[in-house]
Amino acid sequence: MADVSLKEAALIVGVVAACYWNSLFCGFVFDDVSAILDNKDLHPSTPLKNLFQNDFWGTPMSEERSHKSYRPLTVLTFRLNYLFSELNAVSYHFLNLVFHVVVCIVFLKVCKLFLDNRSSIVASLLFAVHPIHTEAVTGVVGRAELLSSIFFLAAFLSYTKSKGPDNTIVWTPIALTVFLVAVATLCKEQGITVVGICCVYEVFIAQGYTLPTLLDTAVQILRGKGSIPFSMLQTLLKLIVLMFSTLLLVVVRVQVIQSQLPVFTRFDNPAAVSPSPARQLTFNYLLPVNAWLLLNPSELCCDWTMGTIPLVESLLDVRNVATLTFFCFLGALIVFSLRYPDNSSKTVLMALCLIVLPFIPASNLFFPVGFVVAERVLYVPSMGFCILVAHGWRKLSNKSVLRKISWVCLAAVLFTHALKTLHRNWDWESEYTLFMSALKVNKNNAKLWNNVGHALENEKNFERALQFFIQATQVQPDDIGAHMNVGRTYKNLNKTKEAEESYMIAKSLMPQIIPGKKYAARVAPNHLNVYINLANLIRANESRLEEADQLYRQAISMRPDFKQAYISRGELLLKMNKPLKAKEAYLRALELDRTNADLWYNLAIVYIELKDPAEALKNFNRALELNPMHKLALFNSALLMQESGDARLRPEAKQRLLHYVKEEPQDANGYFNLGMLAMDDKKDMEAEAWMKKAIRLQPNFRSALFNLALLYSQTAKELMALPVLEDLLRYYPDHTKGLILKGDILMNQKKDIVGAKMCFEKILELDPNNVQGKHNLCVVYFEERDLIKAEKCLVETLALAPHEEYIQRHLNIVRSKIASLGAMEQSSLPSEGTAAAEEKKKSFQNLKEVKNEKTTTQSAVDNNKEHSKNKKLTEKNSVDKETPKKSTKEIKDIEKKRVAALKRLEEIERILNGE
C-alpha cells in the first residue's frame, strides 16, 4: 500500500484551501439553525449523556417528532466548537474545512490501492474541488458526512490489512475495522455500508474471484463433485464475522430509535406516499438525477423537496428514457467488473461499490427518507465517481493521439469545478443568499419561497416576506405551513382579520377528526402549530377564550404527546382564572418532558397563583437546576425569596439577581430589586447605588424613583429626595404617595407651607377620600393658625376614617384650644397661643410622621410588588399575580414607631390641657 507523500498532502491542502477559503465568511444557515443555534446539547450546562439520548437536532429519540438521526459523535464536535468559540461561525466552518482535507488525503491513500500514483492524485483532486461537496463542507451540518467518511475510509483501509501471508487471517485489523465502522455509524448512519464494500473487496479483490469462478465452484459443490476450498472457507469466516458485527450494529441502532421510523410528510418526499406505479417510477428516476448532478454540477440547489421534481406517473413519461439509459450503463459496468479478473475490472468494481452501497440508505429502497434529492448524501458516492473518471482519464491519456486532449480536458474540468465551488460557497453566506440562489434553479418548490420569506422575516421586513409566503401558497396551495406563515406575517403587520383567515385556511387543510372513531393519522408536529397559532391569536379577545381552549384541546386530541399544546393551554387557563386546570396541563406536559426548564417555571407561576409560595420556590429551583441561567426563574424566584420576609433567603436572592443582571444588563428591573433587597438589609449606600443605576437605564422608572426618594427621606437626606420626587411627578403627576412624601418634606424640612398645601390639595383633587392627604392638609391649616378651618377639616377627615383614634384626639385638642383661646385674656393670647400652636404642631407632626411612615413604607413594598407583577406580564409563560403582604418584621417595626409617637402625643396633650 503506497503512502501519501508530503508533497501530495501539501498539494491537496493548497487546493482545498483555494476552493473553500471563502466558506469561513459564511454564517449558520438552513439546517445549521436547528443543529447549532437551537440545539441545547451544545451547551456545557447540558449533561454529556444527553448527546447519546437525543437525535442530531437535540430532540429526545423517544419523541415521535424526532428525525431518528443518531449522530452523537458529530454533535460532540459541535459541542467542542461551542466550548472554544460558542456561536462564532468561523470556527465551525474552519473545522469542516480541516475535515474535508483529511478526507481527501485518506481518499488518496485508498485510490492508490486501485490506481497508479498519477491517476490517484487526479481522483483525489477531482474529489477535493467537486462542487457537489459544497453542501457537505460549507454547510456546517454536513460535518456528519465528513466525519463519517473519515472513519468509513479508515475502516476500509484497516480491512485491507486483514490478509496475511499464505492467505491467513489477521484478526487485529478486522477488530479495528468493526470498531471504526461503529464510530463511522455514530457520526452518520451510512457509515455502516463500508461493511458491504469490505465484503466485495474480500471476495473479488483480495481472493481474486470472478463471478464465473464463483458460479462454477457453486455448481461443482451442489453436484457433489468437489468440496469448498480452504481459502474460500477462510473467506466465508471473515464475511460471517463482518456480517454478524453489522447485524449487531443494526440491532443496536433499531433499539436506539425504539423501533420507530421518523415522521415525514408528503411535502418532504411526495413519491414516498404516492401510489404505484408513480412511487416506483419516481424513485428509479431519481437515480439518474443524482448521477447527472455528479456528472454536471452546474445547477445546484440546497433543497429538492416538495415539487422540485414532479412525479413520474406514467410509463409514457419521457423521463423514463433517462432511467432506462442509466440502468443499462450501470448494468454494463457491473457485468464488466464481475466477469473479468484484470486490474481494470477490479478498479471499476470498487468504484461502483463506493457509488452504490453508500447511496442505498438515501435511495428510498428500504425505508422512506425526508428528502427527494440531497447533495450532501453524494459526498461518499462521489468518491467512486472520481475513481471512475480518473481511471477513464488514464485509459485515454495512455493513447498518444488523445494524450494532449485528455490533459486539456482534465485541466478544464478541475479549473471549472474549482471556480464553481468557490462561487457556490458565497451562496451559503446567509439564508437569504442561499434560498435566492435555489430559486434561480427551481421555482416549483414552495419550501424555498417560504424560506426566503423566513429570512426576510428575521430582518423584520414583513411586507416583502409576505409576498414570498403568498407565492408559496400559490405554488403549493395545499401547503399548510405556507398558509401558517402568511397568517403569522399578517399578525406581525397587525392585520388580525387577515391573519385569522389564513390560519383558518391552514386548519381546513388538516385531516379532520371523525367523531366516534379513533384518530390514527400521522400529522407533522409543525403542522399542528396551526391550532396553537390560531388559538394564540383569538385569545387576545376576552370573549373568545373558550374558543381558544377548544383549539388547544383539539390539538391534544390529535396528538396526546403534543407538549406545546399543554403549555399554551396552561397559560390560557391561568388567564381564565382556572389555576387547578392549568396545573393539570403543566403536569401532563412534564410527563412528556421533565427536562424542560420552562415547564417547571410555568408550574411555579401556577403555585404562586394558588397562594403556595413554598411549592412555587421549589419549582423555580427545579427550573434553575436544569438551566442555571433561566432568566425568568432567576428573577421571579429572587422576588419570591425577598417577599417571604425570611432574612436567611436574602443572600441567595441577591446572588440570583446578580446572575440576572449579568444576563440582562440593560434591564432596570434587576437593579431595582437589588436596591430593594439592600433596603431590606439596611444597606443604604448600596441600595442608593442600585436604584440610581436602574434610573439611569430607565429614567421614568416609577418604582425606582419613588423608593429612592423614600430611601433619602428615611436616612435624613430629605432635601436630596426632593429632585427625585420632582422627576417622579414630572412623569407621573398623579402619583399620590409621591405627592404625600413631597408635601411632608416641604412642610417639615423646607418650611414651605404653600408648597406642601399644593401637594395635599392635588391629592384631594385626584382622590377626595384620601385620608392621609386630608389629614396632612388639616396640619397645614393648623400651621397657618386657622383653627376653625383645621377643626372643620378634621371633622371631614374623621367622617372618612371614623375608627382612627388619633384624628378624634386631635379634633378634641383643636376644639379645646379654640374654647381656651376664647376665655383667655388678650394680653396672654400671643405667647400662650404660640406655645400651644408650637406644641400642637409637634403633635400633628409626630402623628403625621407615624402615618406617613406607615403609608410610605407600605408604598415601597406596594410599588415593588406592582413592579414585579408588571415584569411578569411582559414575559412569556407568565401570569398576573398579587404578591404576599409586608413581612411580620416590618409590621412590628412600624408598630413600635407608632407606639413611641403616640406616647409623645400623650405628653404633648397633657401639656396642652394644663396637667
# chains A, B, ... in the order shown; residues from 1 in each chain; ligands from 1
>>> residues_around(residues="A:Asp216", least_positions_apart="6", cutoff="12 Å", atoms="only C-alpha atoms", output="PyMOL selection string")
chain A and resi 209-210+222-223+225-226+228
>>> residues_around(residues="stretch 740-743 of chain A", least_positions_apart="2", cutoff="10 Å", atoms="only C-alpha atoms", output="number ranges by chain")
A: 706, 709-710, 713, 718-719, 721-726, 729, 735-738, 745-750, 752-763, 772-773, 776-777, 780, 852-853, 855-856
>>> write_last_selection(atoms="N, CA and C atoms", output="compact mmCIF listing (two decimals), in the first residue's frame")
# COMPACT_ATOMS: atom_id res chain seq x y z
N PHE A 706 -39.58 56.56 43.21
CA PHE A 706 -40.24 56.76 44.49
C PHE A 706 -39.43 56.13 45.63
N ALA A 709 -36.41 58.16 46.57
CA ALA A 709 -36.82 59.31 47.38
C ALA A 709 -37.16 58.86 48.80
N LEU A 710 -37.84 57.74 48.92
CA LEU A 710 -38.18 57.21 50.23
C LEU A 710 -36.93 56.86 51.02
N SER A 713 -35.46 59.98 52.39
CA SER A 713 -36.26 60.52 53.50
C SER A 713 -36.07 59.71 54.77
N GLU A 718 -33.62 64.29 53.38
CA GLU A 718 -34.89 64.67 52.77
C GLU A 718 -34.71 65.64 51.60
N LEU A 719 -33.76 66.55 51.73
CA LEU A 719 -33.57 67.53 50.67
C LEU A 719 -33.07 66.88 49.38
N ALA A 721 -34.08 64.04 48.45
CA ALA A 721 -35.24 63.34 47.89
C ALA A 721 -36.08 64.24 46.99
N LEU A 722 -36.03 65.57 47.26
CA LEU A 722 -36.91 66.49 46.51
C LEU A 722 -36.70 66.45 45.00
N PRO A 723 -35.45 66.54 44.47
CA PRO A 723 -35.31 66.48 43.00
C PRO A 723 -35.75 65.14 42.41
N VAL A 724 -35.58 64.07 43.19
CA VAL A 724 -36.04 62.76 42.72
C VAL A 724 -37.56 62.76 42.62
N LEU A 725 -38.20 63.34 43.63
CA LEU A 725 -39.66 63.41 43.60
C LEU A 725 -40.15 64.31 42.48
N GLU A 726 -39.40 65.37 42.20
CA GLU A 726 -39.77 66.24 41.07
C GLU A 726 -39.76 65.45 39.77
N LEU A 729 -42.80 63.09 39.74
CA LEU A 729 -44.08 63.76 39.49
C LEU A 729 -44.14 64.39 38.11
N HIS A 735 -49.12 60.63 41.03
CA HIS A 735 -48.55 59.67 41.96
C HIS A 735 -48.84 60.14 43.38
N THR A 736 -49.87 59.59 44.01
CA THR A 736 -50.36 60.05 45.32
C THR A 736 -49.30 59.95 46.40
N LYS A 737 -48.63 58.81 46.50
CA LYS A 737 -47.64 58.61 47.55
C LYS A 737 -46.46 59.55 47.36
N GLY A 738 -46.11 59.82 46.11
CA GLY A 738 -45.04 60.78 45.85
C GLY A 738 -45.44 62.18 46.30
N ILE A 745 -41.97 66.57 53.16
CA ILE A 745 -40.62 67.16 53.20
C ILE A 745 -40.70 68.68 53.11
N LEU A 746 -41.56 69.19 52.24
CA LEU A 746 -41.68 70.64 52.10
C LEU A 746 -42.13 71.29 53.41
N MET A 747 -43.04 70.66 54.12
CA MET A 747 -43.58 71.25 55.33
C MET A 747 -42.62 71.13 56.50
N ASN A 748 -41.99 69.97 56.66
CA ASN A 748 -41.17 69.74 57.85
C ASN A 748 -39.72 70.15 57.69
N GLN A 749 -39.19 70.06 56.44
CA GLN A 749 -37.78 70.36 56.24
C GLN A 749 -37.55 71.75 55.65
N LYS A 750 -38.31 72.10 54.65
CA LYS A 750 -38.13 73.41 53.99
C LYS A 750 -39.06 74.48 54.53
N ASP A 752 -41.92 75.04 53.77
CA ASP A 752 -42.67 75.61 52.64
C ASP A 752 -44.12 75.17 52.76
N ILE A 753 -44.89 75.95 53.57
CA ILE A 753 -46.27 75.58 53.83
C ILE A 753 -47.11 75.65 52.56
N VAL A 754 -46.83 76.65 51.73
CA VAL A 754 -47.60 76.83 50.49
C VAL A 754 -47.39 75.65 49.56
N GLY A 755 -46.11 75.25 49.38
CA GLY A 755 -45.81 74.11 48.52
C GLY A 755 -46.44 72.84 49.02
N ALA A 756 -46.35 72.63 50.34
CA ALA A 756 -46.96 71.42 50.92
C ALA A 756 -48.46 71.43 50.72
N LYS A 757 -49.08 72.60 50.93
CA LYS A 757 -50.52 72.70 50.76
C LYS A 757 -50.94 72.35 49.33
N MET A 758 -50.16 72.79 48.33
CA MET A 758 -50.45 72.48 46.94
C MET A 758 -50.40 70.96 46.69
N CYS A 759 -49.43 70.30 47.34
CA CYS A 759 -49.31 68.84 47.17
C CYS A 759 -50.54 68.14 47.72
N PHE A 760 -50.96 68.55 48.95
CA PHE A 760 -52.08 67.86 49.57
C PHE A 760 -53.39 68.17 48.86
N GLU A 761 -53.52 69.39 48.37
CA GLU A 761 -54.72 69.74 47.60
C GLU A 761 -54.77 68.97 46.28
N LYS A 762 -53.60 68.76 45.69
CA LYS A 762 -53.54 67.96 44.45
C LYS A 762 -54.00 66.52 44.72
N ILE A 763 -53.59 66.02 45.87
CA ILE A 763 -54.01 64.65 46.23
C ILE A 763 -55.52 64.57 46.33
N GLN A 772 -54.99 60.20 54.29
CA GLN A 772 -53.67 60.73 54.58
C GLN A 772 -53.51 62.14 54.03
N GLY A 773 -53.91 62.35 52.78
CA GLY A 773 -53.82 63.68 52.19
C GLY A 773 -54.69 64.68 52.93
N ASN A 776 -53.15 65.52 56.38
CA ASN A 776 -51.99 66.40 56.26
C ASN A 776 -52.41 67.82 55.88
N LEU A 777 -53.49 67.94 55.12
CA LEU A 777 -53.99 69.29 54.81
C LEU A 777 -54.50 69.97 56.08
N VAL A 780 -51.64 71.47 57.70
CA VAL A 780 -51.29 72.74 57.06
C VAL A 780 -52.16 73.87 57.60
N ASN A 852 -47.36 58.76 57.86
CA ASN A 852 -46.58 58.78 56.63
C ASN A 852 -45.64 57.59 56.57
N GLU A 853 -45.06 57.29 57.75
CA GLU A 853 -44.14 56.17 57.79
C GLU A 853 -44.85 54.90 57.38
N THR A 855 -47.60 54.67 55.61
CA THR A 855 -48.05 54.73 54.21
C THR A 855 -46.89 54.61 53.24
N THR A 856 -45.83 55.40 53.52
CA THR A 856 -44.74 55.41 52.55
C THR A 856 -43.95 54.12 52.58
>>> select_by_dssp(residues="stretch 752-797 of chain A", states="alpha helix (DSSP H)", output="VMD selection string")
chain A and resid 753 to 766 771 to 783 787 to 797
>>> write_last_selection(atoms="N, CA, C and O atoms", output="compact mmCIF listing (two decimals), in the first residue's frame")
# COMPACT_ATOMS: atom_id res chain seq x y z
N ILE A 753 -44.89 75.95 53.57
CA ILE A 753 -46.27 75.58 53.83
C ILE A 753 -47.11 75.65 52.56
O ILE A 753 -47.96 74.79 52.30
N VAL A 754 -46.83 76.65 51.73
CA VAL A 754 -47.60 76.83 50.49
C VAL A 754 -47.39 75.65 49.56
O VAL A 754 -48.33 75.09 48.99
N GLY A 755 -46.11 75.25 49.38
CA GLY A 755 -45.81 74.11 48.52
C GLY A 755 -46.44 72.84 49.02
O GLY A 755 -46.98 72.03 48.25
N ALA A 756 -46.35 72.63 50.34
CA ALA A 756 -46.96 71.42 50.92
C ALA A 756 -48.46 71.43 50.72
O ALA A 756 -49.06 70.40 50.38
N LYS A 757 -49.08 72.60 50.93
CA LYS A 757 -50.52 72.70 50.76
C LYS A 757 -50.94 72.35 49.33
O LYS A 757 -51.93 71.64 49.11
N MET A 758 -50.16 72.79 48.33
CA MET A 758 -50.45 72.48 46.94
C MET A 758 -50.40 70.96 46.69
O MET A 758 -51.22 70.42 45.96
N CYS A 759 -49.43 70.30 47.34
CA CYS A 759 -49.31 68.84 47.17
C CYS A 759 -50.54 68.14 47.72
O CYS A 759 -51.13 67.26 47.06
N PHE A 760 -50.96 68.55 48.95
CA PHE A 760 -52.08 67.86 49.57
C PHE A 760 -53.39 68.17 48.86
O PHE A 760 -54.27 67.30 48.74
N GLU A 761 -53.52 69.39 48.37
CA GLU A 761 -54.72 69.74 47.60
C GLU A 761 -54.77 68.97 46.28
O GLU A 761 -55.85 68.56 45.83
N LYS A 762 -53.60 68.76 45.69
CA LYS A 762 -53.54 67.96 44.45
C LYS A 762 -54.00 66.52 44.72
O LYS A 762 -54.71 65.92 43.91
N ILE A 763 -53.59 66.02 45.87
CA ILE A 763 -54.01 64.65 46.23
C ILE A 763 -55.52 64.57 46.33
O ILE A 763 -56.15 63.63 45.81
N LEU A 764 -56.13 65.56 46.98
CA LEU A 764 -57.57 65.53 47.16
C LEU A 764 -58.32 65.78 45.86
O LEU A 764 -59.46 65.35 45.70
N GLU A 765 -57.67 66.45 44.90
CA GLU A 765 -58.28 66.57 43.57
C GLU A 765 -58.35 65.20 42.90
O GLU A 765 -59.33 64.87 42.23
N LEU A 766 -57.28 64.44 43.08
CA LEU A 766 -57.24 63.10 42.46
C LEU A 766 -58.12 62.12 43.21
O LEU A 766 -58.77 61.26 42.60
N VAL A 771 -57.50 59.73 53.06
CA VAL A 771 -57.42 60.13 54.47
C VAL A 771 -56.08 60.78 54.78
O VAL A 771 -56.01 61.80 55.47
N GLN A 772 -54.99 60.20 54.29
CA GLN A 772 -53.67 60.73 54.58
C GLN A 772 -53.51 62.14 54.03
O GLN A 772 -53.01 63.05 54.72
N GLY A 773 -53.91 62.35 52.78
CA GLY A 773 -53.82 63.68 52.19
C GLY A 773 -54.69 64.68 52.93
O GLY A 773 -54.29 65.82 53.17
N LYS A 774 -55.91 64.25 53.30
CA LYS A 774 -56.83 65.13 54.01
C LYS A 774 -56.28 65.51 55.37
O LYS A 774 -56.32 66.67 55.79
N HIS A 775 -55.76 64.53 56.09
CA HIS A 775 -55.21 64.80 57.43
C HIS A 775 -54.03 65.74 57.34
O HIS A 775 -53.89 66.67 58.14
N ASN A 776 -53.15 65.52 56.38
CA ASN A 776 -51.99 66.40 56.26
C ASN A 776 -52.41 67.82 55.88
O ASN A 776 -51.74 68.79 56.25
N LEU A 777 -53.49 67.94 55.12
CA LEU A 777 -53.99 69.29 54.81
C LEU A 777 -54.50 69.97 56.08
O LEU A 777 -54.35 71.19 56.26
N CYS A 778 -55.10 69.17 57.00
CA CYS A 778 -55.51 69.72 58.29
C CYS A 778 -54.30 70.26 59.05
O CYS A 778 -54.36 71.31 59.72
N VAL A 779 -53.18 69.55 58.97
CA VAL A 779 -51.94 70.00 59.61
C VAL A 779 -51.51 71.34 59.04
O VAL A 779 -51.06 72.25 59.75
N VAL A 780 -51.64 71.47 57.70
CA VAL A 780 -51.29 72.74 57.06
C VAL A 780 -52.16 73.87 57.60
O VAL A 780 -51.66 74.97 57.91
N TYR A 781 -53.46 73.65 57.77
CA TYR A 781 -54.35 74.68 58.31
C TYR A 781 -53.92 75.06 59.72
O TYR A 781 -53.96 76.23 60.11
N PHE A 782 -53.51 74.05 60.49
CA PHE A 782 -53.05 74.35 61.84
C PHE A 782 -51.78 75.17 61.81
O PHE A 782 -51.60 76.10 62.61
N GLU A 783 -50.87 74.81 60.87
CA GLU A 783 -49.64 75.59 60.73
C GLU A 783 -49.96 77.04 60.34
O GLU A 783 -49.25 77.96 60.71
N LEU A 787 -57.53 77.81 63.16
CA LEU A 787 -58.06 76.72 63.96
C LEU A 787 -59.46 76.32 63.53
O LEU A 787 -59.83 75.15 63.58
N ILE A 788 -60.24 77.28 63.10
CA ILE A 788 -61.61 76.98 62.68
C ILE A 788 -61.58 76.07 61.45
O ILE A 788 -62.31 75.07 61.36
N LYS A 789 -60.72 76.41 60.49
CA LYS A 789 -60.61 75.61 59.27
C LYS A 789 -60.02 74.23 59.56
O LYS A 789 -60.41 73.22 58.98
N ALA A 790 -59.07 74.23 60.53
CA ALA A 790 -58.47 72.95 60.92
C ALA A 790 -59.52 72.05 61.56
O ALA A 790 -59.56 70.84 61.32
N GLU A 791 -60.40 72.68 62.43
CA GLU A 791 -61.46 71.89 63.06
C GLU A 791 -62.39 71.29 62.00
O GLU A 791 -62.71 70.09 62.04
N LYS A 792 -62.82 72.10 61.05
CA LYS A 792 -63.73 71.62 60.01
C LYS A 792 -63.07 70.50 59.20
O LYS A 792 -63.70 69.48 58.87
N CYS A 793 -61.80 70.70 58.90
CA CYS A 793 -61.06 69.71 58.11
C CYS A 793 -60.97 68.38 58.86
O CYS A 793 -61.16 67.31 58.28
N LEU A 794 -60.70 68.45 60.19
CA LEU A 794 -60.59 67.23 60.96
C LEU A 794 -61.93 66.51 61.09
O LEU A 794 -61.99 65.28 61.12
N VAL A 795 -63.02 67.30 61.18
CA VAL A 795 -64.35 66.69 61.22
C VAL A 795 -64.60 65.90 59.94
O VAL A 795 -65.08 64.76 59.96
N GLU A 796 -64.22 66.48 58.78
CA GLU A 796 -64.40 65.79 57.49
C GLU A 796 -63.50 64.55 57.41
O GLU A 796 -63.91 63.51 56.89
N THR A 797 -62.28 64.68 57.94
CA THR A 797 -61.35 63.54 57.92
C THR A 797 -61.87 62.41 58.79
O THR A 797 -61.78 61.23 58.41
>>> residues_around(residues="stretch 284-293 of chain A", least_positions_apart="2", cutoff="10 Å", atoms="only C-alpha atoms", output="PyMOL selection string")
chain A and resi 131-132+278-282+295-300+309+311-312+319-327+355+359+363-365+372-375+377-378+381-382+385
>>> residues_around(residues="A:Lys49", least_positions_apart="5", cutoff="10 Å", atoms="only C-alpha atoms", output="number ranges by chain")
A: 41, 54, 72
>>> write_last_selection(atoms="N, CA and C atoms", output="compact mmCIF listing (two decimals), in the first residue's frame")
# COMPACT_ATOMS: atom_id res chain seq x y z
N ASP A 41 -27.97 20.71 23.24
CA ASP A 41 -26.95 19.70 23.53
C ASP A 41 -25.53 20.25 23.37
N ASN A 54 -30.39 11.87 22.62
CA ASN A 54 -31.13 12.73 21.69
C ASN A 54 -30.67 12.53 20.27
N PRO A 72 -24.29 11.09 17.65
CA PRO A 72 -23.76 11.74 18.86
C PRO A 72 -22.33 12.24 18.73
